[in-house]
>>> print(open('structure-v5.pdb').read())   # PDB, C-alpha atoms
ATOM      1  CA  SER P 104     -30.551   5.451  -2.848
ATOM      2  CA  SER P 105     -29.025   8.038  -5.156
ATOM      3  CA  SER P 106     -26.941   9.550  -2.354
ATOM      4  CA  THR P 107     -24.944   6.331  -1.971
ATOM      5  CA  ILE P 108     -23.510   6.502  -5.503
ATOM      6  CA  PRO P 109     -21.435   9.656  -4.804
ATOM      7  CA  VAL P 110     -20.255   8.148  -1.505
ATOM      8  CA  ILE P 111     -19.222   4.944  -3.276
ATOM      9  CA  LEU P 112     -17.441   6.831  -6.067
ATOM     10  CA  THR P 113     -15.685   9.146  -3.601
ATOM     11  CA  SER P 114     -14.593   6.217  -1.440
ATOM     12  CA  ILE P 115     -13.293   4.236  -4.411
ATOM     13  CA  THR P 116     -11.407   7.259  -5.730
ATOM     14  CA  ALA P 117      -9.923   8.123  -2.344
ATOM     15  CA  ILE P 118      -8.870   4.575  -1.488
ATOM     16  CA  ASN P 119      -7.380   3.869  -4.900
ATOM     17  CA  SER P 120      -5.627   7.228  -5.123
ATOM     18  CA  ARG P 121      -2.753   5.565  -3.269
ATOM     19  CA  HIS P 122      -1.757   3.981  -6.579
ATOM     20  CA  PHE P 123      -1.377   7.466  -8.028
ATOM     21  CA  LEU P 124       0.930   8.311  -5.124
ATOM     22  CA  TYR P 125       2.858   5.051  -5.593
ATOM     23  CA  SER P 126       3.343   5.862  -9.263
ATOM     24  CA  ILE P 127       4.552   9.378  -8.549
ATOM     25  CA  SER P 128       7.147   8.143  -6.066
ATOM     26  CA  MET P 129       8.396   5.450  -8.469
ATOM     27  CA  PHE P 130       8.397   7.632 -11.582
ATOM     28  CA  GLU P 131      11.869   9.018 -10.926
ATOM     29  CA  PHE P 132      13.294   5.489 -10.923
ATOM     30  CA  LEU P 133      11.350   4.211 -13.942
ATOM     31  CA  LYS P 134      11.009   7.262 -16.207
ATOM     32  CA  LYS P 135      13.579   5.997 -18.729
ATOM     33  CA  LEU P 136      11.571   2.843 -19.433
ATOM     34  CA  LYS P 137       9.453   2.464 -22.539
ATOM     35  CA  LEU P 138       5.710   2.943 -22.147
ATOM     36  CA  LYS P 139       5.053  -0.814 -22.576
ATOM     37  CA  TRP P 140       7.267  -1.551 -19.566
ATOM     38  CA  ARG P 141       5.612   1.138 -17.448
ATOM     39  CA  ILE P 142       2.140  -0.166 -18.312
ATOM     40  CA  LEU P 143       3.119  -3.740 -17.372
ATOM     41  CA  LEU P 144       4.670  -2.602 -14.098
ATOM     42  CA  ALA P 145       1.637  -0.436 -13.311
ATOM     43  CA  TYR P 146      -0.605  -3.471 -13.783
ATOM     44  CA  LEU P 147       1.488  -5.462 -11.309
ATOM     45  CA  LEU P 148       1.795  -2.625  -8.784
ATOM     46  CA  THR P 149       0.134  -3.505  -5.496
ATOM     47  CA  ASP P 150       0.616  -2.277  -1.942
ATOM     48  CA  GLU P 151       2.954  -5.154  -1.167
ATOM     49  CA  ALA P 152       4.945  -4.881  -4.407
ATOM     50  CA  TYR P 153       5.347  -1.156  -3.828
ATOM     51  CA  ALA P 154       6.495  -1.581  -0.229
ATOM     52  CA  VAL P 155       9.160  -4.119  -1.144
ATOM     53  CA  SER P 156      10.328  -2.407  -4.330
ATOM     54  CA  ILE P 157      10.480   1.212  -3.170
ATOM     55  CA  ARG P 158      12.912   0.227  -0.417
ATOM     56  CA  LYS P 159      15.139  -1.421  -3.019
ATOM     57  CA  PHE P 160      14.802   1.587  -5.334
ATOM     58  CA  MET P 161      15.802   4.000  -2.585
ATOM     59  CA  LYS P 162      18.825   1.913  -1.552
ATOM     60  CA  GLU P 163      20.111   1.601  -5.132
ATOM     61  CA  PRO P 164      18.612   4.571  -7.022
ATOM     62  CA  ASN P 165      21.071   4.460  -9.919
ATOM     63  CA  HIS P 166      20.823   0.739 -10.659
ATOM     64  CA  SER P 167      19.713   0.294 -14.276
ATOM     65  CA  LEU P 168      17.781  -2.946 -13.704
ATOM     66  CA  LEU P 169      15.490  -1.870 -10.851
ATOM     67  CA  HIS P 170      12.421  -2.489 -12.969
ATOM     68  CA  TYR P 171      13.190  -6.213 -12.923
ATOM     69  CA  HIS P 172      12.877  -6.145  -9.140
ATOM     70  CA  LEU P 173       9.375  -4.683  -9.408
ATOM     71  CA  LEU P 174       8.534  -7.125 -12.213
ATOM     72  CA  GLY P 175       9.654 -10.117 -10.139
ATOM     73  CA  THR P 176       7.841  -8.887  -7.048
ATOM     74  CA  GLY P 177       4.670  -8.155  -8.993
ATOM     75  CA  LEU P 178       4.645 -11.487 -10.825
ATOM     76  CA  THR P 179       5.373 -13.426  -7.646
ATOM     77  CA  LEU P 180       2.487 -11.733  -5.860
ATOM     78  CA  PHE P 181       0.182 -12.086  -8.870
ATOM     79  CA  PHE P 182       0.743 -15.836  -9.214
ATOM     80  CA  SER P 183       0.627 -16.507  -5.478
ATOM     81  CA  TRP P 184      -2.676 -14.610  -5.218
ATOM     82  CA  GLN P 185      -4.106 -16.586  -8.121
ATOM     83  CA  MET P 186      -3.129 -19.843  -6.433
ATOM     84  CA  ALA P 187      -4.467 -18.650  -3.069
ATOM     85  CA  THR P 188      -7.737 -17.611  -4.715
ATOM     86  CA  LEU P 189      -8.061 -20.997  -6.400
ATOM     87  CA  THR P 190      -7.314 -22.710  -3.092
ATOM     88  CA  GLY P 191      -9.973 -20.581  -1.416
ATOM     89  CA  ILE P 192     -12.516 -21.473  -4.078
ATOM     90  CA  LEU P 193     -11.787 -25.178  -3.744
ATOM     91  CA  LEU P 194     -11.275 -25.447   0.023
ATOM     92  CA  GLY P 195     -12.850 -22.311   1.521
ATOM     93  CA  GLY P 196     -16.176 -23.947   2.277
ATOM     94  CA  ASN P 197     -14.447 -26.630   4.338
ATOM     95  CA  LEU P 198     -12.634 -24.320   6.780
ATOM     96  CA  PRO P 199     -13.650 -24.723  10.421
ATOM     97  CA  GLN P 200     -15.847 -21.951  11.840
ATOM     98  CA  PHE P 201     -13.344 -21.078  14.574
ATOM     99  CA  LEU P 202     -10.863 -19.831  11.957
ATOM    100  CA  ASP P 203     -11.760 -16.155  11.742
ATOM    101  CA  LEU P 204      -9.539 -14.932   8.932
ATOM    102  CA  LYS P 205     -10.567 -11.257   9.032
ATOM    103  CA  PHE P 206      -7.308 -10.378  10.773
ATOM    104  CA  ILE P 207      -5.166 -11.309   7.753
ATOM    105  CA  ILE P 208      -5.658  -8.048   5.839
ATOM    106  CA  PRO P 209      -4.668  -5.814   8.785
ATOM    107  CA  LEU P 210      -1.707  -8.132   9.410
ATOM    108  CA  THR P 211      -0.596  -7.693   5.808
ATOM    109  CA  PHE P 212      -0.631  -3.925   6.130
ATOM    110  CA  LEU P 213       1.228  -4.102   9.437
ATOM    111  CA  ALA P 214       3.882  -6.230   7.763
ATOM    112  CA  ILE P 215       4.224  -3.542   5.091
ATOM    113  CA  ILE P 216       4.283  -0.571   7.450
ATOM    114  CA  VAL P 217       6.422  -1.728  10.385
ATOM    115  CA  PRO P 218       9.697  -2.139   8.429
ATOM    116  CA  MET P 219       9.228   1.358   7.004
ATOM    117  CA  ILE P 220       9.152   2.999  10.439
ATOM    118  CA  ASN P 221      12.636   4.471  10.509
ATOM    119  CA  SER P 222      12.204   7.830  12.212
ATOM    120  CA  ILE P 223      10.361   9.544  15.031
ATOM    121  CA  SER P 224       8.007  11.244  12.583
ATOM    122  CA  SER P 225       7.123   7.990  10.802
ATOM    123  CA  PHE P 226       6.465   6.315  14.152
ATOM    124  CA  CYS P 227       4.263   9.221  15.265
ATOM    125  CA  ALA P 228       2.444   9.181  11.920
ATOM    126  CA  VAL P 229       1.672   5.463  12.128
ATOM    127  CA  LEU P 230       0.625   5.650  15.776
ATOM    128  CA  SER P 231      -1.598   8.713  15.352
ATOM    129  CA  SER P 232      -3.149   7.373  12.162
ATOM    130  CA  GLY P 233      -3.903   4.027  13.822
ATOM    131  CA  LEU P 234      -5.392   5.578  16.942
ATOM    132  CA  SER P 235      -7.421   8.133  15.009
ATOM    133  CA  SER P 236      -8.751   5.367  12.747
ATOM    134  CA  LEU P 237     -10.211   3.654  15.818
ATOM    135  CA  TYR P 238     -11.799   6.939  16.874
ATOM    136  CA  PHE P 239     -13.182   7.871  13.439
ATOM    137  CA  LYS P 240     -14.428   4.329  12.757
ATOM    138  CA  ASN P 241     -16.436   4.426  15.993
ATOM    139  CA  LEU P 242     -18.036   7.707  14.853
ATOM    140  CA  ASP P 243     -19.422   5.745  11.901
ATOM    141  CA  LEU P 244     -17.902   8.132   9.367
ATOM    142  CA  SER P 245     -17.803   6.776   5.826
ATOM    143  CA  LEU P 246     -14.449   8.459   5.135
ATOM    144  CA  TRP P 247     -12.749   7.375   8.367
ATOM    145  CA  ILE P 248      -9.752   5.964   6.498
ATOM    146  CA  ILE P 249      -9.162   9.262   4.702
ATOM    147  CA  PHE P 250      -9.462  11.290   7.916
ATOM    148  CA  SER P 251      -7.033   8.937   9.654
ATOM    149  CA  GLY P 252      -4.553   9.319   6.820
ATOM    150  CA  ILE P 253      -4.796  13.105   7.044
ATOM    151  CA  VAL P 254      -4.151  12.944  10.793
ATOM    152  CA  GLY P 255      -1.108  10.706  10.235
ATOM    153  CA  LEU P 256       0.319  12.971   7.527
ATOM    154  CA  SER P 257      -0.257  16.068   9.661
ATOM    155  CA  VAL P 258       1.476  14.514  12.653
ATOM    156  CA  ALA P 259       4.394  13.437  10.445
ATOM    157  CA  ILE P 260       4.829  16.999   9.193
ATOM    158  CA  ILE P 261       4.661  18.421  12.715
ATOM    159  CA  THR P 262       7.073  15.869  14.226
ATOM    160  CA  ARG P 263       9.551  15.876  11.326
ATOM    161  CA  LYS P 264      11.705  18.403  13.204
ATOM    162  CA  TRP P 265      12.501  15.663  15.763
ATOM    163  CA  ASP P 266      14.021  13.353  13.154
ATOM    164  CA  LYS P 267      17.792  12.981  13.016
ATOM    165  CA  ASN P 268      19.147  14.234   9.719
TER
END
>>> encode(input="structure-v5.pdb", output="structure tokens")
Amino acid sequence: SSSTIPVILTSITAINSRHFLYSISMFEFLKKLKLKWRILLAYLLTDEAYAVSIRKFMKEPNHSLLHYHLLGTGLTLFFSWQMATLTGILLGGNLPQFLDLKFIIPLTFLAIIVPMINSISSFCAVLSSGLSSLYFKNLDLSLWIIFSGIVGLSVAIITRKWDKN
């Protein structure tokens, strides 16, 4: 139906807007690079590469070779995903039925998020976003992920006063 196209486009835009946010937060560290470098790094930027690299960038903000960290992370992930995809193509049909691998994607995001919880507000944001996602998902809302993110951000802003400075 024609009403699904706007929903699909809105969902794609909303979900992928995180890359815009990643780029904004990394711009300060990479702004001196030539455009060719920034394009290459943008191509390799994934959730996992961002999570690993932004921590390094924040710990050593004045290091002149930070872009090599993102390059190495991005290339490592790129090649490992290509190999994993090839393995899946070749062996995926032979996996036993009892192996339900749907949990791997949420586990990946947990592995990204948990090390970044370093304050009361970040803990409250993650907890409220996770709980609200369960609630909104059960309401069968097509934008449940967006609503959950808004709840998490709102709670982080409200609870920020409890963080130790």
>>> atom_distance(input="structure-v5.pdb", atom1="CA of Phe181 (chain P)", atom2="CA of Leu168 (chain P)")
20.4 Å
>>> residues_around(input="structure-v5.pdb", residues="Ser235 (chain P)", least_positions_apart="6", cutoff="12 Å", atoms="only C-alpha atoms", output="ChimeraX atom specification")
/P:227-229,241-242,244,247-258
>>> closest_residue(input="structure-v5.pdb", among="P:Ile118, P:Leu144, P:Leu213, P:Val155", to="Leu178 (chain P)", atoms="all atoms listed in the file")
P:Leu144
>>> atom_distance(input="structure-v5.pdb", atom1="CA of Ala152 (chain P)", atom2="CA of Leu180 (chain P)")
7.4 Å
>>> atom_distance(input="structure-v5.pdb", atom1="CA of Leu136 (chain P)", atom2="CA of Leu169 (chain P)")
10.5 Å
>>> closest_residue(input="structure-v5.pdb", among="P:Leu133, P:Ala117, P:Leu193, P:Ile215", to="Thr149 (chain P)", atoms="all atoms listed in the file")
P:Ile215
>>> closest_residue(input="structure-v5.pdb", among="P:Asn197, P:Phe226, P:Lys134, P:Val110", to="Trp265 (chain P)", atoms="all atoms listed in the file")
P:Phe226
>>> residues_around(input="structure-v5.pdb", residues="Val217 (chain P)", least_positions_apart="3", cutoff="12 Å", atoms="all atoms listed in the file", output="list in words")
Ala154, Pro209, Leu210, Thr211, Phe212, Leu213, Ala214, Ile220, Asn221, Ser222, Ser225, Phe226, Ala228, Val229 and Leu230 of chain P
>>> resolve_selection(input="structure-v5.pdb", expression="the PyMOL selection byres ((chain P and resi 267) around 10)", output="list in words")
Ser222, Ile223, Ser224, Arg263, Lys264, Trp265, Asp266 and Asn268 of chain P
>>> closest_residue(input="structure-v5.pdb", among="P:Tyr238, P:Ser245, P:Phe132, P:Thr188", to="Lys162 (chain P)", atoms="only C-alpha atoms")
P:Phe132
>>> closest_residue(input="structure-v5.pdb", among="P:Leu237, P:Leu189, P:Met129, P:Ala145", to="Pro164 (chain P)", atoms="all atoms listed in the file")
P:Met129
>>> closest_residue(input="structure-v5.pdb", among="P:Ser231, P:Gly177, P:Glu131, P:Tyr146", to="Met161 (chain P)", atoms="only C-alpha atoms")
P:Glu131
